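**Student:** Next comes the structure file final-v8.txt, holding compact mmCIF, C-alpha atoms.
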```
# COMPACT_ATOMS: atom_id res chain seq x y z
CA MET W 106 7.87 17.93 -2.40
CA ALA W 107 7.54 14.34 -3.39
CA GLU W 108 8.40 13.28 -6.93
CA PRO W 109 5.42 12.54 -9.14
CA MET W 110 3.98 9.07 -9.36
CA LYS W 111 3.79 7.18 -12.59
CA ILE W 112 0.48 5.50 -13.26
CA ARG W 113 -0.24 3.22 -16.20
CA ALA W 114 -3.64 1.76 -16.82
CA THR W 115 -4.53 -0.70 -19.55
CA LEU W 116 -8.06 -1.66 -20.37
CA LYS W 117 -9.18 -5.16 -21.40
CA GLY W 118 -12.92 -5.30 -21.80
CA ASP W 119 -14.18 -3.61 -18.64
CA LEU W 120 -11.17 -4.66 -16.55
CA ALA W 121 -8.36 -2.22 -15.98
CA ASP W 122 -4.86 -3.25 -14.97
CA VAL W 123 -3.44 -0.38 -12.99
CA ARG W 124 0.26 -0.16 -12.30
CA VAL W 125 1.71 2.61 -10.17
CA LEU W 126 5.27 3.55 -9.35
CA MET W 127 5.81 5.74 -6.30
CA VAL W 128 9.20 7.35 -5.90
CA HIS W 129 10.08 6.92 -2.24
CA PRO W 130 13.14 5.78 -0.22
CA MET W 131 11.08 3.48 2.06
CA GLU W 132 13.75 3.61 4.78
CA THR W 133 13.30 0.85 7.34
CA GLY W 134 15.25 2.61 10.06
CA GLN W 135 17.69 -0.32 10.07
CA ARG W 136 19.90 0.65 7.17
CA LYS W 137 23.22 2.33 7.90
CA ASP W 138 24.40 5.18 5.69
CA THR W 139 28.00 5.48 4.45
CA ALA W 140 29.02 7.18 7.72
CA GLY W 141 27.66 4.24 9.69
CA ASN W 142 24.65 6.11 11.07
CA LEU W 143 21.20 4.58 10.95
CA ALA W 144 19.07 6.22 8.28
CA PRO W 145 15.86 7.44 9.97
CA THR W 146 12.65 5.56 9.28
CA HIS W 147 10.84 7.10 6.33
CA PHE W 148 8.15 5.18 4.52
CA ILE W 149 4.73 5.43 2.92
CA GLN W 150 2.00 4.34 5.32
CA GLU W 151 -1.25 4.95 3.52
CA MET W 152 -2.49 5.02 -0.03
CA SER W 153 -5.76 5.19 -1.82
CA VAL W 154 -6.99 4.47 -5.31
CA ARG W 155 -10.05 6.26 -6.61
CA LEU W 156 -12.07 5.61 -9.72
CA ASN W 157 -14.01 8.66 -10.93
CA GLY W 158 -13.73 10.20 -7.47
CA LYS W 159 -14.94 7.14 -5.61
CA SER W 160 -12.57 5.21 -3.35
CA VAL W 161 -12.02 1.66 -4.60
CA ILE W 162 -8.85 0.58 -2.76
CA GLU W 163 -7.47 1.78 0.56
CA GLY W 164 -4.05 0.44 1.46
CA GLN W 165 -1.85 0.57 4.51
CA ILE W 166 1.76 -0.52 4.16
CA SER W 167 4.88 -0.94 6.27
CA GLN W 168 8.55 -0.14 5.79
CA ALA W 169 8.94 -3.68 4.38
CA VAL W 170 7.57 -2.60 1.02
CA SER W 171 10.53 -2.18 -1.35
CA ARG W 172 12.13 1.15 -2.21
CA ASN W 173 10.28 3.02 -4.99
CA PRO W 174 7.17 0.90 -4.51
CA VAL W 175 5.41 -0.55 -7.52
CA PHE W 176 1.86 -1.82 -7.11
CA SER W 177 -0.51 -3.49 -9.51
CA PHE W 178 -4.25 -3.44 -8.95
CA ARG W 179 -7.26 -4.52 -10.99
CA LEU W 180 -10.44 -2.51 -11.36
CA LYS W 181 -13.68 -3.68 -12.92
CA GLY W 182 -16.56 -1.91 -14.57
CA VAL W 183 -14.14 0.52 -16.14
CA LYS W 184 -14.45 2.25 -19.49
CA ALA W 185 -12.22 4.47 -21.60
CA GLY W 186 -12.07 8.01 -20.27
CA ASP W 187 -12.57 7.01 -16.64
CA LYS W 188 -10.27 8.77 -14.20
CA ILE W 189 -7.99 6.94 -11.79
CA GLU W 190 -6.50 8.91 -8.93
CA ILE W 191 -3.86 7.57 -6.60
CA ALA W 192 -2.55 9.26 -3.46
CA TRP W 193 -0.16 8.37 -0.69
CA LEU W 194 0.87 9.71 2.71
CA ASP W 195 4.10 8.82 4.53
CA ASN W 196 5.14 8.71 8.19
CA LEU W 197 6.62 12.23 7.99
CA GLY W 198 3.40 13.72 6.63
CA GLU W 199 4.65 14.04 3.03
CA ARG W 200 2.06 13.24 0.43
CA SER W 201 1.65 12.89 -3.30
CA GLN W 202 -1.28 12.55 -5.63
CA ALA W 203 -1.60 11.81 -9.34
CA ASP W 204 -4.30 10.90 -11.76
CA VAL W 205 -4.65 9.38 -15.20
CA ALA W 206 -7.48 8.98 -17.68
CA ILE W 207 -7.85 5.44 -18.99
CA ALA W 208 -7.09 5.34 -22.69
CA MET T 136 -11.50 49.47 4.27
CA ASN T 137 -12.85 47.80 1.16
CA LEU T 138 -9.38 46.75 0.16
CA LEU T 139 -8.71 45.35 3.58
CA ARG T 140 -11.97 43.50 3.48
CA ARG T 141 -11.23 42.10 0.04
CA ASN T 142 -7.77 41.02 1.10
CA THR T 143 -9.20 39.38 4.17
CA ILE T 144 -11.72 37.49 2.10
CA GLN T 145 -9.09 36.47 -0.42
CA PHE T 146 -6.78 35.38 2.36
CA ALA T 147 -9.55 33.40 4.02
CA ALA T 148 -10.44 31.75 0.71
CA ALA T 149 -6.81 30.91 -0.01
CA LEU T 150 -6.38 29.52 3.48
CA ALA T 151 -9.51 27.43 3.13
CA ALA T 152 -8.27 26.13 -0.21
CA THR T 153 -4.86 25.14 1.16
CA LEU T 154 -6.49 23.55 4.17
CA LEU T 155 -9.13 21.71 2.21
CA VAL T 156 -7.18 20.37 -0.75
CA PRO T 157 -4.52 18.37 1.11
CA LEU T 158 -7.01 17.01 3.61
CA ARG T 159 -7.58 13.93 1.57
CA ALA T 160 -8.89 11.30 3.90
CA PHE T 161 -6.93 8.12 4.34
CA ALA T 162 -7.86 5.09 6.36
CA ALA T 163 -5.87 5.49 9.58
CA TRP T 164 -2.62 3.52 9.65
CA ASN T 165 -3.10 0.67 12.11
CA LYS T 166 -0.18 1.45 14.39
CA GLU T 167 -0.78 -1.40 16.79
CA ALA T 168 -0.76 -4.02 14.04
CA PHE T 169 2.06 -2.51 11.97
CA GLN T 170 4.39 -1.97 14.92
CA ALA T 171 3.84 -5.47 16.29
CA LYS T 172 7.05 -7.47 16.38
CA THR T 173 5.45 -10.89 16.09
CA ALA T 174 3.00 -12.20 13.54
CA ALA T 175 0.62 -13.20 16.35
CA ASP T 176 0.50 -9.66 17.74
CA ALA T 177 0.10 -8.21 14.25
CA LEU T 178 -2.89 -10.46 13.60
CA LYS T 179 -4.36 -9.50 16.95
CA GLY T 180 -3.95 -5.83 16.03
CA LEU T 181 -5.75 -6.46 12.76
CA GLY T 182 -8.57 -8.29 14.49
CA VAL T 183 -7.85 -11.53 12.65
CA GLY T 184 -9.19 -14.34 14.77
CA ALA T 185 -9.52 -17.93 13.66
CA SER T 186 -8.71 -18.39 10.00
CA ALA T 187 -9.26 -21.29 7.66
CA GLU T 188 -6.67 -22.50 5.15
CA SER T 189 -7.96 -21.79 1.68
CA ARG T 190 -6.87 -22.88 -1.76
CA ASP T 191 -8.82 -19.96 -3.17
CA ILE T 192 -6.05 -17.57 -2.26
CA VAL T 193 -3.27 -17.69 -4.82
CA ILE T 194 0.18 -16.38 -3.93
CA GLU T 195 2.62 -16.04 -6.80
CA ALA T 196 6.15 -15.43 -5.59
CA PRO T 197 9.58 -16.88 -6.23
CA GLN T 198 10.55 -19.91 -4.14
CA ILE T 199 14.04 -18.53 -3.89
CA ALA T 200 14.62 -14.79 -3.84
CA GLU T 201 18.19 -13.87 -4.56
CA ASN T 202 17.70 -10.30 -3.43
CA GLY T 203 15.64 -9.84 -0.29
CA ALA T 204 15.30 -6.11 -1.00
CA VAL T 205 12.88 -6.72 -3.87
CA VAL T 206 10.71 -9.82 -3.68
CA PRO T 207 7.69 -9.65 -5.99
CA VAL T 208 4.52 -11.05 -4.44
CA GLU T 209 1.30 -11.33 -6.40
CA ILE T 210 -1.88 -12.15 -4.56
CA THR T 211 -5.29 -13.09 -5.92
CA SER T 212 -8.19 -13.99 -3.70
CA ASN T 213 -10.85 -16.10 -5.35
CA VAL T 214 -12.80 -16.25 -2.10
CA PRO T 215 -16.19 -14.69 -2.96
CA ASN T 216 -16.76 -11.21 -1.53
CA THR T 217 -13.20 -10.71 -0.35
CA LYS T 218 -13.07 -7.26 1.13
CA SER T 219 -9.52 -7.11 2.42
CA ILE T 220 -6.14 -8.76 2.03
CA ALA T 221 -3.33 -8.60 4.59
CA VAL T 222 0.25 -9.73 4.00
CA VAL T 223 2.34 -11.00 6.90
CA ILE T 224 6.02 -11.97 6.61
CA ASP T 225 6.62 -14.05 9.72
CA LYS T 226 10.35 -13.50 10.18
CA ASN T 227 10.55 -9.80 9.34
CA PRO T 228 11.21 -7.40 12.25
CA PHE T 229 7.70 -6.00 11.74
CA PRO T 230 5.76 -8.91 10.20
CA LEU T 231 2.70 -7.02 8.96
CA THR T 232 3.67 -5.67 5.55
CA ALA T 233 0.50 -4.48 3.89
CA LYS T 234 -3.24 -4.45 4.17
CA PHE T 235 -5.57 -3.53 1.34
CA ASP T 236 -9.28 -2.89 1.60
CA PHE T 237 -11.15 -3.42 -1.64
CA GLY T 238 -14.35 -1.56 -2.35
CA GLU T 239 -16.93 -2.03 -5.05
CA GLY T 240 -15.09 -1.71 -8.36
CA ALA T 241 -11.82 -3.35 -7.33
CA LEU T 242 -10.83 -6.98 -7.70
CA PRO T 243 -9.20 -8.55 -4.62
CA TYR T 244 -5.83 -8.62 -6.31
CA VAL T 245 -2.54 -6.89 -5.63
CA LYS T 246 1.04 -7.18 -6.73
CA VAL T 247 3.70 -5.58 -4.59
CA ASN T 248 7.45 -5.82 -4.09
CA VAL T 249 8.49 -6.49 -0.51
CA LYS T 250 11.68 -6.68 1.53
CA MET T 251 12.58 -9.83 3.38
CA GLY T 252 15.30 -9.95 6.01
CA GLU T 253 15.62 -13.74 5.84
CA SER T 254 13.85 -16.82 4.54
CA SER T 255 10.31 -16.86 5.84
CA PHE T 256 6.75 -17.90 5.31
CA VAL T 257 4.70 -15.19 3.69
CA ARG T 258 1.11 -15.47 4.83
CA VAL T 259 -1.93 -13.86 3.32
CA PHE T 260 -5.19 -13.32 5.16
CA ALA T 261 -8.32 -12.54 3.19
CA GLU T 262 -11.45 -11.33 4.91
CA ALA T 263 -14.78 -12.25 3.37
CA GLY T 264 -18.17 -12.12 5.03
CA GLY T 265 -16.64 -11.62 8.47
CA ARG T 266 -14.47 -14.75 8.16
CA PHE T 267 -10.75 -15.00 7.56
CA HIS T 268 -9.16 -17.26 4.99
CA THR T 269 -5.44 -17.83 4.79
CA ALA T 270 -2.75 -19.21 2.54
CA SER T 271 1.01 -19.19 2.85
CA LYS T 272 4.13 -19.65 0.82
CA GLU T 273 7.70 -20.14 1.94
CA ILE T 274 10.25 -17.90 0.28
CA LYS T 275 13.94 -18.56 0.72
CA VAL T 276 16.12 -15.49 0.69
CA THR T 277 19.77 -15.58 -0.32
CA ILE T 278 20.66 -11.99 0.63
CA GLY T 279 18.48 -10.16 3.17
CA GLY T 280 16.96 -6.85 2.27
CA CYS T 281 16.37 -4.92 5.47
CA GLY T 282 19.83 -3.73 6.47
CA GLY T 283 22.63 -3.53 3.92
```
Kindly return the structure encoded in the file as structure tokens.
**Tutor:**
Amino acid sequence: MAEPMKIRATLKGDLADVRVLMVHPMETGQRKDTAGNLAPTHFIQEMSVRLNGKSVIEGQISQAVSRNPVFSFRLKGVKAGDKIEIAWLDNLGERSQADVAIA
Amino acid sequence: MNLLRRNTIQFAAALAATLLVPLRAFAAWNKEAFQAKTAADALKGLGVGASAESRDIVIEAPQIAENGAVVPVEITSNVPNTKSIAVVIDKNPFPLTAKFDFGEGALPYVKVNVKMGESSFVRVFAEAGGRFHTASKEIKVTIGGCGG
């Protein structure tokens, strides 16, 4: 089970700054562990951001995104109480989903 | 009989719930583009044809990154009607790093931390109205961030 995401959204007028932290090793498959073995590739491949149930951003990423990825996005036409949902799926089929109401 | 029937219905409902809830649709990961080992092949995989240099794409990133494992890159496209942004790091083993599709309600903006194996140009491709616009920025890396 993946660790929960942390989502922070701040509203300025009708623009929302959305910052999300995903806890994930993002292994490139090129890093050696302490025993000298290559750590298997393990990284988030897909993510989506929804505003009130409607998809607003669909992302695809590679293993070159840093460990414990942090993304910032900007949404418009947003008001207090709106719901932001973020989900991801990795190359091993693990997934995580979280939501936050804009304060 | 009734009990069996009820259990069957409950089981079927539970199964449907477990099957339905996680089936959140994602845009399919573009394997061809993401597994490409050269920037040219990655762009081909993405369907990026001719692209025009644009000053309307702003890339904010350090000129010198001391730690290649975490290089913050902030991208804003001021090209009207930008619907997607792709990030390509030329010298990385797999150059295509990220692609974001922006729907109604999202600004064509993203900030992300990336890994860079060595100094490289970071190129951004923004798609708007079926055309591709591009901008690039060279980032020098002191310590690479892919192995280690």
**Student:** Between W:Asn142, W:Ser153, W:Ser177, W:Gln168, single out the one closest to Ala192 of chain W, counting all atoms listed in the file.
**Tutor:**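 Residue with the minimum atom-to-atom distance to Ala192 of chain W: W:Ser153.
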**Student:** Output as number ranges by chain the set of chain W residues within 10 Å of chain T, with distances taken over all atoms listed in the file.
**Tutor:** W: 120-121, 123-124, 132-138, 143, 150-156, 159-183, 192-196, 200-202
**Student:** Taking all atoms listed in the file into account, name the residue in T:Val193, T:Ser271, T:Thr211, T:Val223 that is nearest to Leu181 of chain T.
**Tutor:**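 When distances to Leu181 of chain T are compared using all atoms listed in the file, the smallest one comes from T:Val223.
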**Student:** So what do you get for atom CA of Glu188 of chain T versus atom CA of Asp122 of chain W, distance-wise?
**Tutor:**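 Going from atom CA of Glu188 of chain T over to atom CA of Asp122 of chain W covers 27.9 Å.
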**Student:** Counting all atoms listed in the file, figure out which residue out of T:Ile274, T:Ala187, T:Ile194, T:Asp225 gets nearest to Thr173 of chain T.
**Tutor:** T:Asp225
**Student:** Quick one: distance from atom CA of Ala203 of chain W to atom CA of Pro109 of chain W in Å, one decimal?
**Tutor:**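 So the two atoms, atom CA of Ala203 of chain W and atom CA of Pro109 of chain W, lie 7.1 Å apart.
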**Student:** In Å, how far is it from atom CA of Ala175 of chain T to atom CA of Ala144 of chain W?
**Tutor:**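 For atom CA of Ala175 of chain T relative to atom CA of Ala144 of chain W, the distance reads 28.0 Å.
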**Student:** Please determine, counting only C-alpha atoms, which residue among W:Ala140, W:Met127, W:Ala114, W:Ile191 has the shortest atom-to-atom distance to Asp204 of chain W.
**Tutor:**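 So, comparing all the options, the nearest one is W:Ile191.
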**Student:** Keeping all heavy atoms, write segment 262-278 of chain T of the structure just shown out as a PDB file, in the first residue's frame.
**Tutor:**
```pdb
ATOM      1  N   GLU T 262       2.282  22.129 -27.140  1.00  0.00           N
ATOM      2  CA  GLU T 262       1.402  21.941 -28.279  1.00  0.00           C
ATOM      3  C   GLU T 262       0.210  22.884 -28.148  1.00  0.00           C
ATOM      4  O   GLU T 262      -0.434  22.942 -27.098  1.00  0.00           O
ATOM      5  CB  GLU T 262       0.903  20.493 -28.329  1.00  0.00           C
ATOM      6  CG  GLU T 262       0.073  20.206 -29.568  1.00  0.00           C
ATOM      7  CD  GLU T 262      -0.488  18.785 -29.579  1.00  0.00           C
ATOM      8  OE1 GLU T 262      -0.221  18.031 -28.626  1.00  0.00           O
ATOM      9  OE2 GLU T 262      -1.200  18.464 -30.540  1.00  0.00           O
ATOM     10  N   ALA T 263      -0.031  23.631 -29.208  1.00  0.00           N
ATOM     11  CA  ALA T 263      -1.174  24.554 -29.205  1.00  0.00           C
ATOM     12  C   ALA T 263      -1.731  24.609 -30.621  1.00  0.00           C
ATOM     13  O   ALA T 263      -0.990  24.866 -31.570  1.00  0.00           O
ATOM     14  CB  ALA T 263      -0.739  25.947 -28.753  1.00  0.00           C
ATOM     15  N   GLY T 264      -2.992  24.334 -30.744  1.00  0.00           N
ATOM     16  CA  GLY T 264      -3.645  24.402 -32.056  1.00  0.00           C
ATOM     17  C   GLY T 264      -2.982  23.524 -33.103  1.00  0.00           C
ATOM     18  O   GLY T 264      -2.882  23.912 -34.269  1.00  0.00           O
ATOM     19  N   GLY T 265      -2.502  22.349 -32.667  1.00  0.00           N
ATOM     20  CA  GLY T 265      -1.900  21.414 -33.618  1.00  0.00           C
ATOM     21  C   GLY T 265      -0.468  21.763 -34.002  1.00  0.00           C
ATOM     22  O   GLY T 265       0.150  21.065 -34.809  1.00  0.00           O
ATOM     23  N   ARG T 266       0.078  22.842 -33.443  1.00  0.00           N
ATOM     24  CA  ARG T 266       1.468  23.207 -33.732  1.00  0.00           C
ATOM     25  C   ARG T 266       2.313  23.040 -32.475  1.00  0.00           C
ATOM     26  O   ARG T 266       1.807  23.141 -31.368  1.00  0.00           O
ATOM     27  CB  ARG T 266       1.567  24.672 -34.165  1.00  0.00           C
ATOM     28  CG  ARG T 266       1.043  24.912 -35.545  1.00  0.00           C
ATOM     29  CD  ARG T 266       0.857  26.415 -35.739  1.00  0.00           C
ATOM     30  NE  ARG T 266       0.215  26.681 -37.015  1.00  0.00           N
ATOM     31  CZ  ARG T 266       0.901  27.063 -38.093  1.00  0.00           C
ATOM     32  NH1 ARG T 266       2.186  27.267 -38.034  1.00  0.00           N
ATOM     33  NH2 ARG T 266       0.264  27.267 -39.228  1.00  0.00           N
ATOM     34  N   PHE T 267       3.600  22.844 -32.701  1.00  0.00           N
ATOM     35  CA  PHE T 267       4.509  22.675 -31.568  1.00  0.00           C
ATOM     36  C   PHE T 267       5.435  23.876 -31.438  1.00  0.00           C
ATOM     37  O   PHE T 267       5.984  24.360 -32.415  1.00  0.00           O
ATOM     38  CB  PHE T 267       5.321  21.388 -31.728  1.00  0.00           C
ATOM     39  CG  PHE T 267       4.469  20.161 -31.603  1.00  0.00           C
ATOM     40  CD1 PHE T 267       3.937  19.551 -32.728  1.00  0.00           C
ATOM     41  CD2 PHE T 267       4.166  19.647 -30.354  1.00  0.00           C
ATOM     42  CE1 PHE T 267       3.116  18.436 -32.614  1.00  0.00           C
ATOM     43  CE2 PHE T 267       3.353  18.535 -30.230  1.00  0.00           C
ATOM     44  CZ  PHE T 267       2.826  17.924 -31.357  1.00  0.00           C
ATOM     45  N   HIS T 268       5.576  24.325 -30.213  1.00  0.00           N
ATOM     46  CA  HIS T 268       6.446  25.454 -29.893  1.00  0.00           C
ATOM     47  C   HIS T 268       7.485  24.934 -28.921  1.00  0.00           C
ATOM     48  O   HIS T 268       7.181  24.083 -28.078  1.00  0.00           O
ATOM     49  CB  HIS T 268       5.631  26.580 -29.255  1.00  0.00           C
ATOM     50  CG  HIS T 268       4.472  26.999 -30.093  1.00  0.00           C
ATOM     51  ND1 HIS T 268       4.505  28.086 -30.919  1.00  0.00           N
ATOM     52  CD2 HIS T 268       3.255  26.435 -30.267  1.00  0.00           C
ATOM     53  CE1 HIS T 268       3.345  28.190 -31.551  1.00  0.00           C
ATOM     54  NE2 HIS T 268       2.572  27.196 -31.177  1.00  0.00           N
ATOM     55  N   THR T 269       8.704  25.440 -29.031  1.00  0.00           N
ATOM     56  CA  THR T 269       9.745  24.890 -28.165  1.00  0.00           C
ATOM     57  C   THR T 269      10.636  25.978 -27.577  1.00  0.00           C
ATOM     58  O   THR T 269      10.772  27.070 -28.153  1.00  0.00           O
ATOM     59  CB  THR T 269      10.579  23.840 -28.937  1.00  0.00           C
ATOM     60  OG1 THR T 269      11.518  23.249 -28.051  1.00  0.00           O
ATOM     61  CG2 THR T 269      11.326  24.475 -30.105  1.00  0.00           C
ATOM     62  N   ALA T 270      11.196  25.666 -26.432  1.00  0.00           N
ATOM     63  CA  ALA T 270      12.185  26.521 -25.789  1.00  0.00           C
ATOM     64  C   ALA T 270      13.151  25.590 -25.073  1.00  0.00           C
ATOM     65  O   ALA T 270      12.806  24.437 -24.770  1.00  0.00           O
ATOM     66  CB  ALA T 270      11.510  27.460 -24.789  1.00  0.00           C
ATOM     67  N   SER T 271      14.360  26.066 -24.825  1.00  0.00           N
ATOM     68  CA  SER T 271      15.314  25.200 -24.144  1.00  0.00           C
ATOM     69  C   SER T 271      16.164  26.000 -23.180  1.00  0.00           C
ATOM     70  O   SER T 271      16.252  27.228 -23.265  1.00  0.00           O
ATOM     71  CB  SER T 271      16.204  24.478 -25.159  1.00  0.00           C
ATOM     72  OG  SER T 271      16.978  25.422 -25.860  1.00  0.00           O
ATOM     73  N   LYS T 272      16.776  25.274 -22.284  1.00  0.00           N
ATOM     74  CA  LYS T 272      17.659  25.904 -21.305  1.00  0.00           C
ATOM     75  C   LYS T 272      18.750  24.900 -20.967  1.00  0.00           C
ATOM     76  O   LYS T 272      18.466  23.724 -20.744  1.00  0.00           O
ATOM     77  CB  LYS T 272      16.855  26.255 -20.057  1.00  0.00           C
ATOM     78  CG  LYS T 272      17.700  26.979 -19.035  1.00  0.00           C
ATOM     79  CD  LYS T 272      16.865  27.551 -17.911  1.00  0.00           C
ATOM     80  CE  LYS T 272      17.797  28.119 -16.867  1.00  0.00           C
ATOM     81  NZ  LYS T 272      17.686  29.534 -16.679  1.00  0.00           N
ATOM     82  N   GLU T 273      19.994  25.393 -20.940  1.00  0.00           N
ATOM     83  CA  GLU T 273      21.084  24.492 -20.596  1.00  0.00           C
ATOM     84  C   GLU T 273      21.283  24.497 -19.086  1.00  0.00           C
ATOM     85  O   GLU T 273      21.307  25.554 -18.466  1.00  0.00           O
ATOM     86  CB  GLU T 273      22.377  24.919 -21.289  1.00  0.00           C
ATOM     87  CG  GLU T 273      23.463  23.874 -21.104  1.00  0.00           C
ATOM     88  CD  GLU T 273      24.740  24.208 -21.858  1.00  0.00           C
ATOM     89  OE1 GLU T 273      24.937  25.376 -22.231  1.00  0.00           O
ATOM     90  OE2 GLU T 273      25.538  23.274 -22.067  1.00  0.00           O
ATOM     91  N   ILE T 274      21.368  23.308 -18.517  1.00  0.00           N
ATOM     92  CA  ILE T 274      21.615  23.197 -17.082  1.00  0.00           C
ATOM     93  C   ILE T 274      22.900  22.399 -16.885  1.00  0.00           C
ATOM     94  O   ILE T 274      23.047  21.294 -17.410  1.00  0.00           O
ATOM     95  CB  ILE T 274      20.428  22.511 -16.367  1.00  0.00           C
ATOM     96  CG1 ILE T 274      19.138  23.318 -16.588  1.00  0.00           C
ATOM     97  CG2 ILE T 274      20.709  22.366 -14.869  1.00  0.00           C
ATOM     98  CD1 ILE T 274      17.893  22.699 -15.989  1.00  0.00           C
ATOM     99  N   LYS T 275      23.819  23.000 -16.151  1.00  0.00           N
ATOM    100  CA  LYS T 275      25.075  22.305 -15.874  1.00  0.00           C
ATOM    101  C   LYS T 275      24.949  21.563 -14.545  1.00  0.00           C
ATOM    102  O   LYS T 275      24.463  22.118 -13.562  1.00  0.00           O
ATOM    103  CB  LYS T 275      26.221  23.305 -15.798  1.00  0.00           C
ATOM    104  CG  LYS T 275      26.500  23.973 -17.126  1.00  0.00           C
ATOM    105  CD  LYS T 275      27.926  24.463 -17.191  1.00  0.00           C
ATOM    106  CE  LYS T 275      28.242  25.301 -18.413  1.00  0.00           C
ATOM    107  NZ  LYS T 275      27.720  24.824 -19.668  1.00  0.00           N
ATOM    108  N   VAL T 276      25.367  20.322 -14.566  1.00  0.00           N
ATOM    109  CA  VAL T 276      25.212  19.484 -13.384  1.00  0.00           C
ATOM    110  C   VAL T 276      26.591  19.154 -12.814  1.00  0.00           C
ATOM    111  O   VAL T 276      27.483  18.731 -13.539  1.00  0.00           O
ATOM    112  CB  VAL T 276      24.468  18.174 -13.739  1.00  0.00           C
ATOM    113  CG1 VAL T 276      24.392  17.253 -12.535  1.00  0.00           C
ATOM    114  CG2 VAL T 276      23.074  18.492 -14.257  1.00  0.00           C
ATOM    115  N   THR T 277      26.746  19.400 -11.513  1.00  0.00           N
ATOM    116  CA  THR T 277      28.026  19.120 -10.863  1.00  0.00           C
ATOM    117  C   THR T 277      28.126  17.640 -10.489  1.00  0.00           C
ATOM    118  O   THR T 277      29.105  16.993 -10.744  1.00  0.00           O
ATOM    119  CB  THR T 277      28.182  20.008  -9.612  1.00  0.00           C
ATOM    120  OG1 THR T 277      27.724  21.313  -9.939  1.00  0.00           O
ATOM    121  CG2 THR T 277      29.623  20.106  -9.189  1.00  0.00           C
ATOM    122  N   ILE T 278      27.078  17.114  -9.856  1.00  0.00           N
ATOM    123  CA  ILE T 278      27.050  15.691  -9.497  1.00  0.00           C
ATOM    124  C   ILE T 278      25.804  15.068 -10.106  1.00  0.00           C
ATOM    125  O   ILE T 278      24.694  15.507  -9.834  1.00  0.00           O
ATOM    126  CB  ILE T 278      27.003  15.489  -7.952  1.00  0.00           C
ATOM    127  CG1 ILE T 278      28.150  16.236  -7.285  1.00  0.00           C
ATOM    128  CG2 ILE T 278      27.043  14.007  -7.596  1.00  0.00           C
ATOM    129  CD1 ILE T 278      27.976  16.389  -5.775  1.00  0.00           C
TER     130      ILE T 278
END
```
